[in-house]
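*Asks:* See run_3.csv below, with CSV, C-alpha atoms.
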chain,number,residue,atom,x,y,z
A,594,MET,CA,-29.6,21.9,-54.5
A,595,SER,CA,-33.3,21.4,-54.0
A,596,SER,CA,-34.4,21.0,-50.3
A,597,GLU,CA,-36.4,18.0,-51.4
A,598,LYS,CA,-33.3,16.2,-52.6
A,599,SER,CA,-33.1,12.6,-51.2
A,600,PHE,CA,-30.1,10.6,-50.5
A,601,SER,CA,-29.3,7.0,-51.5
A,602,GLN,CA,-30.6,4.9,-48.6
A,603,SER,CA,-27.8,2.3,-48.7
A,604,SER,CA,-25.2,5.0,-48.7
A,605,LEU,CA,-26.9,6.9,-45.9
A,606,GLU,CA,-27.1,3.7,-43.9
A,607,PHE,CA,-23.4,3.2,-44.4
A,608,LEU,CA,-22.7,6.7,-43.0
A,609,VAL,CA,-24.9,6.2,-40.0
A,610,GLU,CA,-23.6,2.7,-39.1
A,611,ASN,CA,-20.0,4.0,-39.2
A,612,ALA,CA,-20.7,7.5,-37.8
A,613,ILE,CA,-19.3,9.2,-40.9
A,614,TYR,CA,-20.0,12.9,-41.5
A,615,PRO,CA,-19.7,14.7,-44.8
A,616,MET,CA,-17.8,18.0,-44.7
A,617,TRP,CA,-17.0,20.8,-47.0
A,618,SER,CA,-13.4,22.1,-47.1
A,619,LYS,CA,-12.2,25.7,-47.5
A,620,LYS,CA,-11.0,24.6,-51.0
A,621,GLY,CA,-14.5,23.8,-52.0
A,622,GLU,CA,-14.1,20.0,-51.9
A,623,VAL,CA,-16.1,17.2,-50.1
A,624,TYR,CA,-14.3,15.2,-47.4
A,625,PHE,CA,-15.6,12.8,-44.7
A,626,ARG,CA,-14.9,12.9,-41.0
A,627,ALA,CA,-14.6,9.3,-40.0
A,628,LYS,CA,-12.5,6.8,-37.9
A,629,LYS,CA,-9.2,6.1,-39.4
A,630,GLY,CA,-9.3,3.1,-41.8
A,631,VAL,CA,-13.1,3.1,-42.3
A,632,LEU,CA,-13.0,4.8,-45.7
A,633,THR,CA,-10.9,3.9,-48.7
A,634,PRO,CA,-10.3,6.5,-51.5
A,635,GLU,CA,-12.5,4.5,-53.8
A,636,LYS,CA,-15.3,4.4,-51.2
A,637,LYS,CA,-15.1,8.1,-50.7
A,638,ARG,CA,-15.5,8.7,-54.4
A,639,GLU,CA,-18.4,6.3,-54.5
A,640,LEU,CA,-20.2,8.0,-51.7
A,641,VAL,CA,-19.8,11.5,-53.2
A,642,GLU,CA,-21.3,10.2,-56.5
A,643,GLU,CA,-24.1,8.1,-54.9
A,644,LEU,CA,-25.1,10.9,-52.5
A,645,ASN,CA,-24.7,13.6,-55.2
A,646,LEU,CA,-22.7,15.9,-53.0
A,647,ARG,CA,-21.9,19.0,-55.0
A,648,THR,CA,-22.1,21.9,-52.5
A,649,LYS,CA,-21.6,22.9,-48.9
A,650,GLU,CA,-25.4,22.9,-48.4
A,651,ASP,CA,-25.5,19.3,-49.6
A,652,CYS,CA,-22.9,18.3,-47.0
A,653,ASP,CA,-24.6,20.3,-44.2
A,654,ARG,CA,-28.0,18.8,-44.9
A,655,LEU,CA,-26.7,15.2,-45.1
A,656,ARG,CA,-24.6,15.7,-42.0
A,657,GLU,CA,-27.7,16.7,-40.0
A,658,GLU,CA,-29.6,13.7,-41.3
A,659,VAL,CA,-26.8,11.4,-40.2
A,660,LYS,CA,-26.7,13.0,-36.7
A,661,LYS,CA,-30.4,12.7,-36.3
A,662,GLU,CA,-30.4,9.1,-37.3
A,663,ILE,CA,-27.5,8.2,-35.0
A,664,ALA,CA,-29.3,10.0,-32.1
A,665,LYS,CA,-32.4,7.9,-32.7
A,666,ARG,CA,-30.4,4.7,-32.5
A,667,ARG,CA,-28.4,5.5,-29.4
A,668,GLU,CA,-28.1,2.5,-27.1
A,669,ASN,CA,-27.7,4.9,-24.1
A,670,VAL,CA,-29.2,8.3,-23.4
A,671,PRO,CA,-26.4,10.9,-23.2
A,672,ILE,CA,-25.4,11.8,-19.7
A,673,LYS,CA,-26.5,15.4,-20.2
A,674,ASP,CA,-30.1,14.1,-20.7
A,675,TRP,CA,-30.1,12.0,-17.6
A,676,ILE,CA,-32.1,13.1,-14.5
A,677,PRO,CA,-29.8,15.3,-12.4
A,678,GLU,CA,-29.8,12.8,-9.5
A,679,GLU,CA,-28.0,10.2,-11.8
A,680,ARG,CA,-25.4,12.5,-13.5
A,681,PRO,CA,-21.9,11.8,-12.2
A,682,ARG,CA,-20.8,15.4,-11.8
A,683,GLU,CA,-24.0,16.5,-10.0
A,684,MET,CA,-23.8,13.4,-7.7
A,685,LEU,CA,-20.2,14.2,-6.8
A,686,MET,CA,-21.1,17.8,-5.9
A,687,LYS,CA,-24.1,16.6,-3.8
A,688,TYR,CA,-22.8,13.6,-2.1
A,689,GLY,CA,-19.0,13.9,-2.3
A,690,ALA,CA,-16.4,12.0,-4.4
A,691,ASP,CA,-16.0,9.2,-1.8
A,692,LYS,CA,-19.7,8.2,-2.2
A,693,LEU,CA,-19.5,7.7,-6.0
A,694,PRO,CA,-18.8,4.2,-7.6
A,695,LEU,CA,-15.7,3.8,-9.7
A,696,SER,CA,-17.7,3.9,-13.0
A,697,LYS,CA,-19.0,7.4,-12.2
A,698,LEU,CA,-15.6,8.8,-11.0
A,699,LEU,CA,-14.0,7.5,-14.2
A,700,ALA,CA,-16.8,8.9,-16.3
A,701,ILE,CA,-16.1,12.3,-14.9
A,702,ILE,CA,-12.4,11.9,-16.0
A,703,LEU,CA,-13.4,10.7,-19.5
A,704,ARG,CA,-15.9,13.6,-19.8
A,705,THR,CA,-17.5,12.2,-23.0
A,706,GLY,CA,-18.4,8.9,-24.4
A,707,LYS,CA,-18.6,7.8,-28.1
A,708,GLU,CA,-21.4,7.5,-30.5
A,709,GLY,CA,-24.2,5.5,-28.8
A,710,VAL,CA,-22.2,4.9,-25.6
A,711,SER,CA,-22.2,7.3,-22.6
A,712,ALA,CA,-19.0,8.2,-20.7
A,713,GLU,CA,-20.2,6.0,-17.8
A,714,GLU,CA,-20.8,3.0,-20.0
A,715,LEU,CA,-17.3,3.5,-21.5
A,716,ALA,CA,-15.9,3.7,-18.0
A,717,LYS,CA,-17.6,0.3,-17.1
A,718,ARG,CA,-16.1,-1.3,-20.2
A,719,LEU,CA,-12.6,-0.1,-19.1
A,720,LEU,CA,-13.1,-1.4,-15.6
A,721,ASN,CA,-14.5,-4.8,-16.8
A,722,HIS,CA,-11.7,-5.2,-19.3
A,723,PHE,CA,-8.8,-4.4,-17.0
A,724,LYS,CA,-10.4,-5.8,-13.8
A,725,SER,CA,-8.8,-3.4,-11.3
A,726,LEU,CA,-7.5,0.2,-10.9
A,727,SER,CA,-4.0,-1.2,-10.5
A,728,GLU,CA,-4.1,-2.9,-13.9
A,729,LEU,CA,-5.7,0.2,-15.5
A,730,ASP,CA,-2.9,2.3,-14.0
A,731,SER,CA,0.0,-0.1,-15.0
A,732,VAL,CA,-0.9,-0.6,-18.7
A,733,PRO,CA,0.6,1.7,-21.3
A,734,ILE,CA,-1.3,4.3,-23.2
A,735,SER,CA,-1.2,2.1,-26.3
A,736,GLU,CA,-3.2,-0.6,-24.5
A,737,LEU,CA,-5.8,1.8,-23.3
A,738,CYS,CA,-6.3,3.0,-26.9
A,739,LYS,CA,-7.2,-0.5,-28.0
A,740,ILE,CA,-10.5,-0.2,-26.2
A,741,GLU,CA,-13.1,1.1,-28.6
A,742,GLY,CA,-14.0,4.7,-27.7
A,743,ILE,CA,-10.7,5.4,-26.0
A,744,GLY,CA,-8.5,7.6,-28.0
A,745,MET,CA,-5.2,9.3,-27.2
A,746,ALA,CA,-6.9,12.2,-25.4
A,747,LYS,CA,-8.9,10.0,-23.0
A,748,ALA,CA,-6.0,7.7,-22.4
A,749,VAL,CA,-3.8,10.7,-21.4
A,750,GLN,CA,-6.6,12.0,-19.1
A,751,ILE,CA,-6.7,8.6,-17.3
A,752,LYS,CA,-2.9,8.5,-16.9
A,753,ALA,CA,-2.9,12.1,-15.6
A,754,ALA,CA,-5.6,11.3,-13.0
A,755,PHE,CA,-3.5,8.4,-11.7
A,756,GLU,CA,-0.4,10.4,-11.5
A,757,LEU,CA,-2.1,13.1,-9.5
A,758,GLY,CA,-3.0,10.5,-6.9
A,759,LYS,CA,0.5,9.2,-6.7
A,760,ARG,CA,1.9,12.7,-6.3
A,761,LEU,CA,-0.5,13.3,-3.4
A,762,PHE,CA,1.0,10.3,-1.6
A,763,ARG,CA,4.5,11.6,-2.3
A,764,GLU,CA,3.6,15.0,-1.0
A,765,SER,CA,2.5,13.4,2.2
A,766,ALA,CA,5.7,11.4,2.5
A,767,GLU,CA,7.9,14.4,1.9
A,768,GLU,CA,6.3,16.2,4.9
A,769,ARG,CA,7.7,13.6,7.2
A,770,LYS,CA,10.3,15.2,9.6
A,771,ARG,CA,12.1,12.1,10.7
A,772,ILE,CA,12.3,8.3,10.2
A,773,GLY,CA,12.8,6.9,13.7
A,774,SER,CA,11.8,3.2,13.3
A,775,PRO,CA,11.2,0.4,10.8
A,776,ASP,CA,7.5,1.2,10.8
A,777,ASP,CA,8.3,4.8,9.9
A,778,ALA,CA,10.5,3.6,7.1
A,779,ILE,CA,7.8,1.3,5.7
A,780,GLU,CA,5.2,4.2,6.0
A,781,PHE,CA,7.5,6.5,4.1
A,782,VAL,CA,8.4,3.9,1.4
A,783,SER,CA,4.8,2.9,0.9
A,784,GLU,CA,3.7,6.5,0.3
A,785,TYR,CA,6.7,7.7,-1.7
A,786,TYR,CA,7.5,4.6,-3.8
A,787,GLY,CA,4.6,2.2,-3.4
A,788,PRO,CA,2.2,3.7,-6.0
A,789,TYR,CA,5.0,3.5,-8.6
A,790,LEU,CA,6.8,0.2,-7.8
A,791,LYS,CA,4.1,-2.2,-6.4
A,792,ASP,CA,2.9,-3.1,-9.9
A,793,ALA,CA,6.2,-2.5,-11.8
A,794,LYS,CA,7.1,-5.2,-14.3
A,795,LYS,CA,10.8,-4.8,-13.7
A,796,GLU,CA,13.0,-4.6,-10.6
A,797,PHE,CA,14.0,-1.1,-9.5
A,798,PHE,CA,16.6,-0.4,-6.8
A,799,GLN,CA,16.3,2.9,-4.9
A,800,VAL,CA,18.3,4.5,-2.2
A,801,ILE,CA,16.9,7.1,0.3
A,802,LEU,CA,19.6,9.3,1.8
A,803,LEU,CA,19.1,10.7,5.3
A,804,ASP,CA,20.8,13.4,7.4
A,805,ILE,CA,22.0,13.1,10.9
A,806,LYS,CA,18.5,13.4,12.2
A,807,ASN,CA,17.2,10.7,9.9
A,808,LYS,CA,15.3,13.1,7.8
A,809,PRO,CA,15.2,12.2,4.1
A,810,ILE,CA,17.3,14.6,2.0
A,811,ASP,CA,17.4,12.9,-1.4
A,812,LYS,CA,16.3,9.8,-3.3
A,813,ILE,CA,18.4,8.0,-5.9
A,814,GLU,CA,17.4,5.4,-8.5
A,815,LEU,CA,20.5,3.1,-8.8
A,816,SER,CA,19.2,0.6,-11.3
A,817,LYS,CA,16.4,-0.7,-13.4
A,818,GLY,CA,16.7,-4.5,-13.7
A,819,SER,CA,15.3,-7.2,-15.8
A,820,ILE,CA,12.1,-9.0,-14.9
A,821,ASP,CA,13.9,-11.0,-12.2
A,822,ALA,CA,17.2,-9.4,-11.4
A,823,THR,CA,18.9,-6.2,-10.5
A,824,VAL,CA,22.7,-5.5,-10.3
A,825,VAL,CA,23.7,-2.9,-7.7
A,826,ASP,CA,27.3,-1.9,-6.9
A,827,PRO,CA,27.8,-1.0,-3.2
A,828,LYS,CA,30.5,1.5,-4.2
A,829,GLU,CA,27.8,3.5,-6.0
A,830,ILE,CA,25.8,3.8,-2.8
A,831,VAL,CA,28.9,4.9,-0.8
A,832,LYS,CA,29.7,7.4,-3.5
A,833,GLU,CA,26.2,9.0,-3.5
A,834,ALA,CA,26.0,9.1,0.3
A,835,THR,CA,29.4,10.7,0.6
A,836,LEU,CA,28.7,13.3,-2.1
A,837,ARG,CA,25.5,14.4,-0.4
A,838,SER,CA,26.9,14.2,3.2
A,839,ALA,CA,24.3,11.5,4.2
A,840,SER,CA,24.5,10.0,7.6
A,841,ALA,CA,22.2,7.0,6.8
A,842,VAL,CA,20.5,5.3,4.0
A,843,ILE,CA,17.4,3.2,3.4
A,844,LEU,CA,17.5,0.7,0.5
A,845,VAL,CA,14.3,0.0,-1.4
A,846,HIS,CA,13.5,-2.4,-4.2
A,847,ASN,CA,10.5,-4.3,-5.6
A,848,HIS,CA,9.8,-7.8,-6.6
A,849,PRO,CA,7.7,-7.9,-9.8
A,850,SER,CA,6.3,-11.2,-8.7
A,851,GLY,CA,4.7,-9.6,-5.7
A,852,ASP,CA,6.4,-12.0,-3.3
A,853,THR,CA,8.4,-9.9,-0.8
A,854,THR,CA,10.4,-12.8,0.6
A,855,PRO,CA,14.1,-11.8,0.1
A,856,SER,CA,16.2,-14.0,-2.1
A,857,SER,CA,19.6,-15.3,-1.1
A,858,ASP,CA,21.0,-12.7,-3.5
A,859,ASP,CA,19.0,-9.9,-1.8
A,860,ILE,CA,20.5,-11.0,1.6
A,861,THR,CA,24.0,-11.2,0.3
A,862,LEU,CA,23.8,-7.8,-1.5
A,863,THR,CA,22.4,-6.2,1.6
A,864,ARG,CA,25.3,-7.5,3.7
A,865,LYS,CA,27.8,-6.2,1.2
A,866,ILE,CA,26.2,-2.7,1.2
A,867,VAL,CA,26.1,-2.6,5.0
A,868,GLU,CA,29.8,-3.5,5.2
A,869,ALA,CA,30.7,-0.9,2.6
A,870,CYS,CA,28.7,1.9,4.2
A,871,ASN,CA,30.2,1.1,7.7
A,872,LEU,CA,33.6,1.9,6.3
A,873,VAL,CA,32.6,5.5,5.7
A,874,GLY,CA,30.4,5.9,8.8
A,875,VAL,CA,27.1,5.6,6.9
A,876,LYS,CA,24.4,3.6,8.6
A,877,VAL,CA,22.0,1.3,6.7
A,878,LEU,CA,18.7,1.9,8.6
A,879,ASP,CA,16.7,-0.6,6.6
A,880,HIS,CA,16.3,-2.5,3.3
A,881,ILE,CA,12.6,-2.7,2.3
A,882,ILE,CA,11.1,-4.9,-0.4
A,883,ILE,CA,7.9,-3.4,-1.7
A,884,GLY,CA,4.8,-5.5,-1.9
A,885,LYS,CA,1.3,-5.0,-3.4
A,886,THR,CA,-0.1,-3.5,-0.2
A,887,LYS,CA,1.4,-1.8,2.8
A,888,ASP,CA,1.1,-4.9,5.0
A,889,LYS,CA,3.1,-6.9,2.5
A,890,TYR,CA,6.3,-4.9,2.7
A,891,PHE,CA,9.4,-6.8,4.0
A,892,SER,CA,11.7,-4.9,6.4
A,893,PHE,CA,15.2,-6.3,6.8
A,894,ALA,CA,15.5,-4.2,10.1
A,895,LYS,CA,12.3,-5.7,11.6
A,896,GLU,CA,13.5,-9.2,10.7
A,897,GLY,CA,16.9,-8.7,12.2
A,898,LEU,CA,18.8,-9.1,8.9
A,899,LEU,CA,21.0,-6.0,9.1
A,900,LYS,CA,23.4,-7.3,11.7
I need this file expressed as structure tokens, please.
*Replies:*
Amino acid sequence: MSSEKSFSQSSLEFLVENAIYPMWSKKGEVYFRAKKGVLTPEKKRELVEELNLRTKEDCDRLREEVKKEIAKRRENVPIKDWIPEERPREMLMKYGADKLPLSKLLAIILRTGKEGVSAEELAKRLLNHFKSLSELDSVPISELCKIEGIGMAKAVQIKAAFELGKRLFRESAEERKRIGSPDDAIEFVSEYYGPYLKDAKKEFFQVILLDIKNKPIDKIELSKGSIDATVVDPKEIVKEATLRSASAVILVHNHPSGDTTPSSDDITLTRKIVEACNLVGVKVLDHIIIGKTKDKYFSFAKEGLLK
């Protein structure tokens, strides 16, 4: 191919607008690297003919033209070309993670942006769309992937970052030696279960088993309910406590509505569980309903509802 060879302007424009790159396969055939669904088989054949792509050199040269033209049209300068004082990673190292705004922290997790959009701009789009970290954490990967520029890899990176934060809280909770008061119980539940249950869309009922010194020895999930109801059998709690030689239990569940006020069913169920546990010498230390924040937790023990 002659180095002076020119490409069809309309076809070149199509490649640039859609960030499509011509490639040469090991089998000696032309193919295009593009977003799924952008190119039909007919359009691919049309582009090959209009652009007269016959060799690997043809593809290499055109690909470079496309890259250069896309770079010229970028709406945002790539982060690597920013002044060091504004780059998220350099700012974190210099000032500390706690000094960075959410958009820069999220940009570090995303690592890269998309054509014409920096990682920080992509982070801002995510935050503006989902409005809060809680919502960003609670939505499934499929919802994250609906945001342009967020593929499976970036969605998984975001989920992994949130999970690390939750496990840090759990690690702190598991270091607790003893639960000696309702406030201790709320602290433990907020650290161990709060990050997972405060924004859950269904009801979960959990039981913490404690030894004779009121140190947590195990945690059991008894049920996952519907959006507004959970069925728990007191006999199951007695069985689990007996099998693990527990001396006491703490009951935990969430209200998807965010309202921690116990329902009449919550109060009745708690009373039945207390009665069943008393028969085998297991004490119910508390029943805690998880709220959105630590000061919104409801403690049956603090409210005198375990008598």
*Asks:* If you measure from atom CA of A:Thr861 to atom CA of A:Ile772, what distance in Å do you get, rounded to one decimal?
*Replies:*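 These two atoms are separated by 24.8 Å.
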*Asks:* Which protein, DNA or RNA residues are at most 10 Å from (10.4, -11.7, -5.2) in the file's coordinates when you count only C-alpha atoms, listed as a ChimeraX atom specification?
*Replies:* /A:796,821-822,846-856,859,882-884
*Asks:* Please write the residues from the selection above to a file, keeping C-alpha atoms, as an mmCIF file, in the frame of the given file.
*Replies:*
data_model
loop_
_atom_site.group_PDB
_atom_site.id
_atom_site.type_symbol
_atom_site.label_atom_id
_atom_site.label_comp_id
_atom_site.auth_asym_id
_atom_site.auth_seq_id
_atom_site.Cartn_x
_atom_site.Cartn_y
_atom_site.Cartn_z
ATOM 1 C CA GLU A 796 13.000 -4.600 -10.600
ATOM 2 C CA ASP A 821 13.900 -11.000 -12.200
ATOM 3 C CA ALA A 822 17.200 -9.400 -11.400
ATOM 4 C CA HIS A 846 13.500 -2.400 -4.200
ATOM 5 C CA ASN A 847 10.500 -4.300 -5.600
ATOM 6 C CA HIS A 848 9.800 -7.800 -6.600
ATOM 7 C CA PRO A 849 7.700 -7.900 -9.800
ATOM 8 C CA SER A 850 6.300 -11.200 -8.700
ATOM 9 C CA GLY A 851 4.700 -9.600 -5.700
ATOM 10 C CA ASP A 852 6.400 -12.000 -3.300
ATOM 11 C CA THR A 853 8.400 -9.900 -0.800
ATOM 12 C CA THR A 854 10.400 -12.800 0.600
ATOM 13 C CA PRO A 855 14.100 -11.800 0.100
ATOM 14 C CA SER A 856 16.200 -14.000 -2.100
ATOM 15 C CA ASP A 859 19.000 -9.900 -1.800
ATOM 16 C CA ILE A 882 11.100 -4.900 -0.400
ATOM 17 C CA ILE A 883 7.900 -3.400 -1.700
ATOM 18 C CA GLY A 884 4.800 -5.500 -1.900
#
*Asks:* Extract, using only C-alpha atoms, all DNA, RNA and protein residues at most 8 Å from A:Leu729, discarding same-chain residues fewer than 5 positions from it, and format them as a list in words.
*Replies:*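 Close residues of A:Leu729: Leu719, Leu720, Phe723, Lys724 and Leu737 of chain A.
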*Asks:* Excluding A:Pro694 and any residue of its chain fewer than 3 positions from it, enumerate the residues within 12 Å of it, using all atoms listed in the file, and give them as an NGL selection string.
*Replies:* :A and (679 or 681 or 684-685 or 688-691 or 697-701 or 713 or 716-717 or 720)
*Asks:* Would you work out the distance separating atom CA of A:Glu829 from atom CA of A:Val873, expressed in Å to one decimal?
*Replies:* 12.8 Å
*Asks:* Excluding A:Asp792 and residues on its chain fewer than 3 positions from it, collect all residues at most 8 Å away from it, counting only C-alpha atoms, and give them as a list in words.
*Replies:*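 What passes the distance filter is Ser727, Ser731, Pro788, Tyr789, Pro849, Gly851 and Lys885 of chain A.
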*Asks:* For those residues, write C-alpha atoms to a file as an mmCIF file, in the coordinates of the input.
*Replies:*
data_model
loop_
_atom_site.group_PDB
_atom_site.id
_atom_site.type_symbol
_atom_site.label_atom_id
_atom_site.label_comp_id
_atom_site.auth_asym_id
_atom_site.auth_seq_id
_atom_site.Cartn_x
_atom_site.Cartn_y
_atom_site.Cartn_z
ATOM 1 C CA SER A 727 -4.000 -1.200 -10.500
ATOM 2 C CA SER A 731 0.000 -0.100 -15.000
ATOM 3 C CA PRO A 788 2.200 3.700 -6.000
ATOM 4 C CA TYR A 789 5.000 3.500 -8.600
ATOM 5 C CA PRO A 849 7.700 -7.900 -9.800
ATOM 6 C CA GLY A 851 4.700 -9.600 -5.700
ATOM 7 C CA LYS A 885 1.300 -5.000 -3.400
#
*Asks:* Mind giving me the straight-line distance from atom CA of A:Leu878 to atom CA of A:Glu756 in Å, one decimal?
*Replies:*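 Going from atom CA of A:Leu878 over to atom CA of A:Glu756 covers 29.0 Å.
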*Asks:* Tell me which residues come within 8 Å of (18.0, -1.0, 12.2), as a PyMOL selection string, counting all atoms listed in the file in the file's coordinates.
*Replies:* chain A and resi 774-775+877-879+894-895+897+899
*Asks:* Applying 12 Å and all atoms listed in the file, which residues near A:Leu608 remain after dropping the ones on its own chain fewer than 3 positions away? List them as a ChimeraX atom specification.
*Replies:* /A:600-605,611-615,625-628,631-632,636-637,640-641,644,655-663
*Asks:* Those residues with C-alpha atoms, as a PDB file, in the frame of the given file please?
*Replies:*
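Contents of the output file result.pdb:
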ATOM      1  CA  PHE A 600     -30.100  10.600 -50.500  1.00  0.00           C
ATOM      2  CA  SER A 601     -29.300   7.000 -51.500  1.00  0.00           C
ATOM      3  CA  GLN A 602     -30.600   4.900 -48.600  1.00  0.00           C
ATOM      4  CA  SER A 603     -27.800   2.300 -48.700  1.00  0.00           C
ATOM      5  CA  SER A 604     -25.200   5.000 -48.700  1.00  0.00           C
ATOM      6  CA  LEU A 605     -26.900   6.900 -45.900  1.00  0.00           C
ATOM      7  CA  ASN A 611     -20.000   4.000 -39.200  1.00  0.00           C
ATOM      8  CA  ALA A 612     -20.700   7.500 -37.800  1.00  0.00           C
ATOM      9  CA  ILE A 613     -19.300   9.200 -40.900  1.00  0.00           C
ATOM     10  CA  TYR A 614     -20.000  12.900 -41.500  1.00  0.00           C
ATOM     11  CA  PRO A 615     -19.700  14.700 -44.800  1.00  0.00           C
ATOM     12  CA  PHE A 625     -15.600  12.800 -44.700  1.00  0.00           C
ATOM     13  CA  ARG A 626     -14.900  12.900 -41.000  1.00  0.00           C
ATOM     14  CA  ALA A 627     -14.600   9.300 -40.000  1.00  0.00           C
ATOM     15  CA  LYS A 628     -12.500   6.800 -37.900  1.00  0.00           C
ATOM     16  CA  VAL A 631     -13.100   3.100 -42.300  1.00  0.00           C
ATOM     17  CA  LEU A 632     -13.000   4.800 -45.700  1.00  0.00           C
ATOM     18  CA  LYS A 636     -15.300   4.400 -51.200  1.00  0.00           C
ATOM     19  CA  LYS A 637     -15.100   8.100 -50.700  1.00  0.00           C
ATOM     20  CA  LEU A 640     -20.200   8.000 -51.700  1.00  0.00           C
ATOM     21  CA  VAL A 641     -19.800  11.500 -53.200  1.00  0.00           C
ATOM     22  CA  LEU A 644     -25.100  10.900 -52.500  1.00  0.00           C
ATOM     23  CA  LEU A 655     -26.700  15.200 -45.100  1.00  0.00           C
ATOM     24  CA  ARG A 656     -24.600  15.700 -42.000  1.00  0.00           C
ATOM     25  CA  GLU A 657     -27.700  16.700 -40.000  1.00  0.00           C
ATOM     26  CA  GLU A 658     -29.600  13.700 -41.300  1.00  0.00           C
ATOM     27  CA  VAL A 659     -26.800  11.400 -40.200  1.00  0.00           C
ATOM     28  CA  LYS A 660     -26.700  13.000 -36.700  1.00  0.00           C
ATOM     29  CA  LYS A 661     -30.400  12.700 -36.300  1.00  0.00           C
ATOM     30  CA  GLU A 662     -30.400   9.100 -37.300  1.00  0.00           C
ATOM     31  CA  ILE A 663     -27.500   8.200 -35.000  1.00  0.00           C
TER      32      ILE A 663
END
*Asks:* Would you mind listing what lies within 12 Å of A:Glu814 as a PyMOL selection string, with only C-alpha atoms counted and same-chain residues fewer than 3 positions away left out?
*Replies:* chain A and resi 786+790+796-802+811+817-818+823+825+829-830+833+844-846
*Asks:* Using all atoms listed in the file, which of the listed residues (A:Ser838, A:Asn645, A:Thr705, A:Ser696) sits closest to A:Gln750?
*Replies:* A:Thr705
*Asks:* Name the closest residue to A:Ile866 among the candidates A:Cys738, A:Leu646, A:Ile743, A:Val842; distances are taken between atoms, counting only C-alpha atoms.
*Replies:*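 Result for the nearest residue to A:Ile866: A:Val842.
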*Asks:* Which residue is closest to A:Glu708? Choose from A:Lys692, A:Lys665, A:Lys832, A:Lys739 and count only C-alpha atoms.
*Replies:*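 Going through A:Lys692, A:Lys665, A:Lys832, A:Lys739 one by one, the smallest distance to A:Glu708 is for A:Lys665.
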*Asks:* With distances taken over all atoms listed in the file, which residue among A:Val831, A:Leu703, A:Ala793, A:Ala766 lies nearest A:Ala869?
*Replies:* A:Val831
*Asks:* Could you model N, CA and C atoms for stretch 783-795 of chain A and present them as an mmCIF file, in the coordinates of the input?
*Replies:*
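Okay, this is what ended up in result_35.cif:
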data_model
loop_
_atom_site.group_PDB
_atom_site.id
_atom_site.type_symbol
_atom_site.label_atom_id
_atom_site.label_comp_id
_atom_site.auth_asym_id
_atom_site.auth_seq_id
_atom_site.Cartn_x
_atom_site.Cartn_y
_atom_site.Cartn_z
ATOM 1 N N SER A 783 6.071 3.242 1.509
ATOM 2 C CA SER A 783 4.800 2.900 0.900
ATOM 3 C C SER A 783 4.117 4.120 0.290
ATOM 4 N N GLU A 784 4.314 5.290 0.884
ATOM 5 C CA GLU A 784 3.700 6.500 0.300
ATOM 6 C C GLU A 784 4.506 7.056 -0.843
ATOM 7 N N TYR A 785 5.831 7.022 -0.715
ATOM 8 C CA TYR A 785 6.700 7.700 -1.700
ATOM 9 C C TYR A 785 6.903 6.765 -2.963
ATOM 10 N N TYR A 786 7.171 5.491 -2.706
ATOM 11 C CA TYR A 786 7.500 4.600 -3.800
ATOM 12 C C TYR A 786 6.401 3.600 -4.176
ATOM 13 N N GLY A 787 5.587 3.226 -3.174
ATOM 14 C CA GLY A 787 4.600 2.200 -3.400
ATOM 15 C C GLY A 787 3.727 2.351 -4.624
ATOM 16 N N PRO A 788 3.104 3.533 -4.830
ATOM 17 C CA PRO A 788 2.200 3.700 -6.000
ATOM 18 C C PRO A 788 2.941 3.471 -7.326
ATOM 19 N N TYR A 789 4.264 3.680 -7.346
ATOM 20 C CA TYR A 789 5.000 3.500 -8.600
ATOM 21 C C TYR A 789 5.610 2.142 -8.772
ATOM 22 N N LEU A 790 5.993 1.502 -7.672
ATOM 23 C CA LEU A 790 6.800 0.200 -7.800
ATOM 24 C C LEU A 790 5.956 -1.024 -7.527
ATOM 25 N N LYS A 791 4.797 -0.919 -6.837
ATOM 26 C CA LYS A 791 4.100 -2.200 -6.400
ATOM 27 C C LYS A 791 3.637 -2.985 -7.617
ATOM 28 N N ASP A 792 3.365 -2.338 -8.765
ATOM 29 C CA ASP A 792 2.900 -3.100 -9.900
ATOM 30 C C ASP A 792 3.917 -3.036 -11.096
ATOM 31 N N ALA A 793 5.151 -2.592 -10.791
ATOM 32 C CA ALA A 793 6.200 -2.500 -11.800
ATOM 33 C C ALA A 793 6.515 -3.870 -12.379
ATOM 34 N N LYS A 794 6.791 -3.925 -13.670
ATOM 35 C CA LYS A 794 7.100 -5.200 -14.300
ATOM 36 C C LYS A 794 8.580 -5.554 -14.256
ATOM 37 N N LYS A 795 9.406 -4.572 -13.869
ATOM 38 C CA LYS A 795 10.800 -4.800 -13.700
ATOM 39 C C LYS A 795 11.285 -4.448 -12.318
#
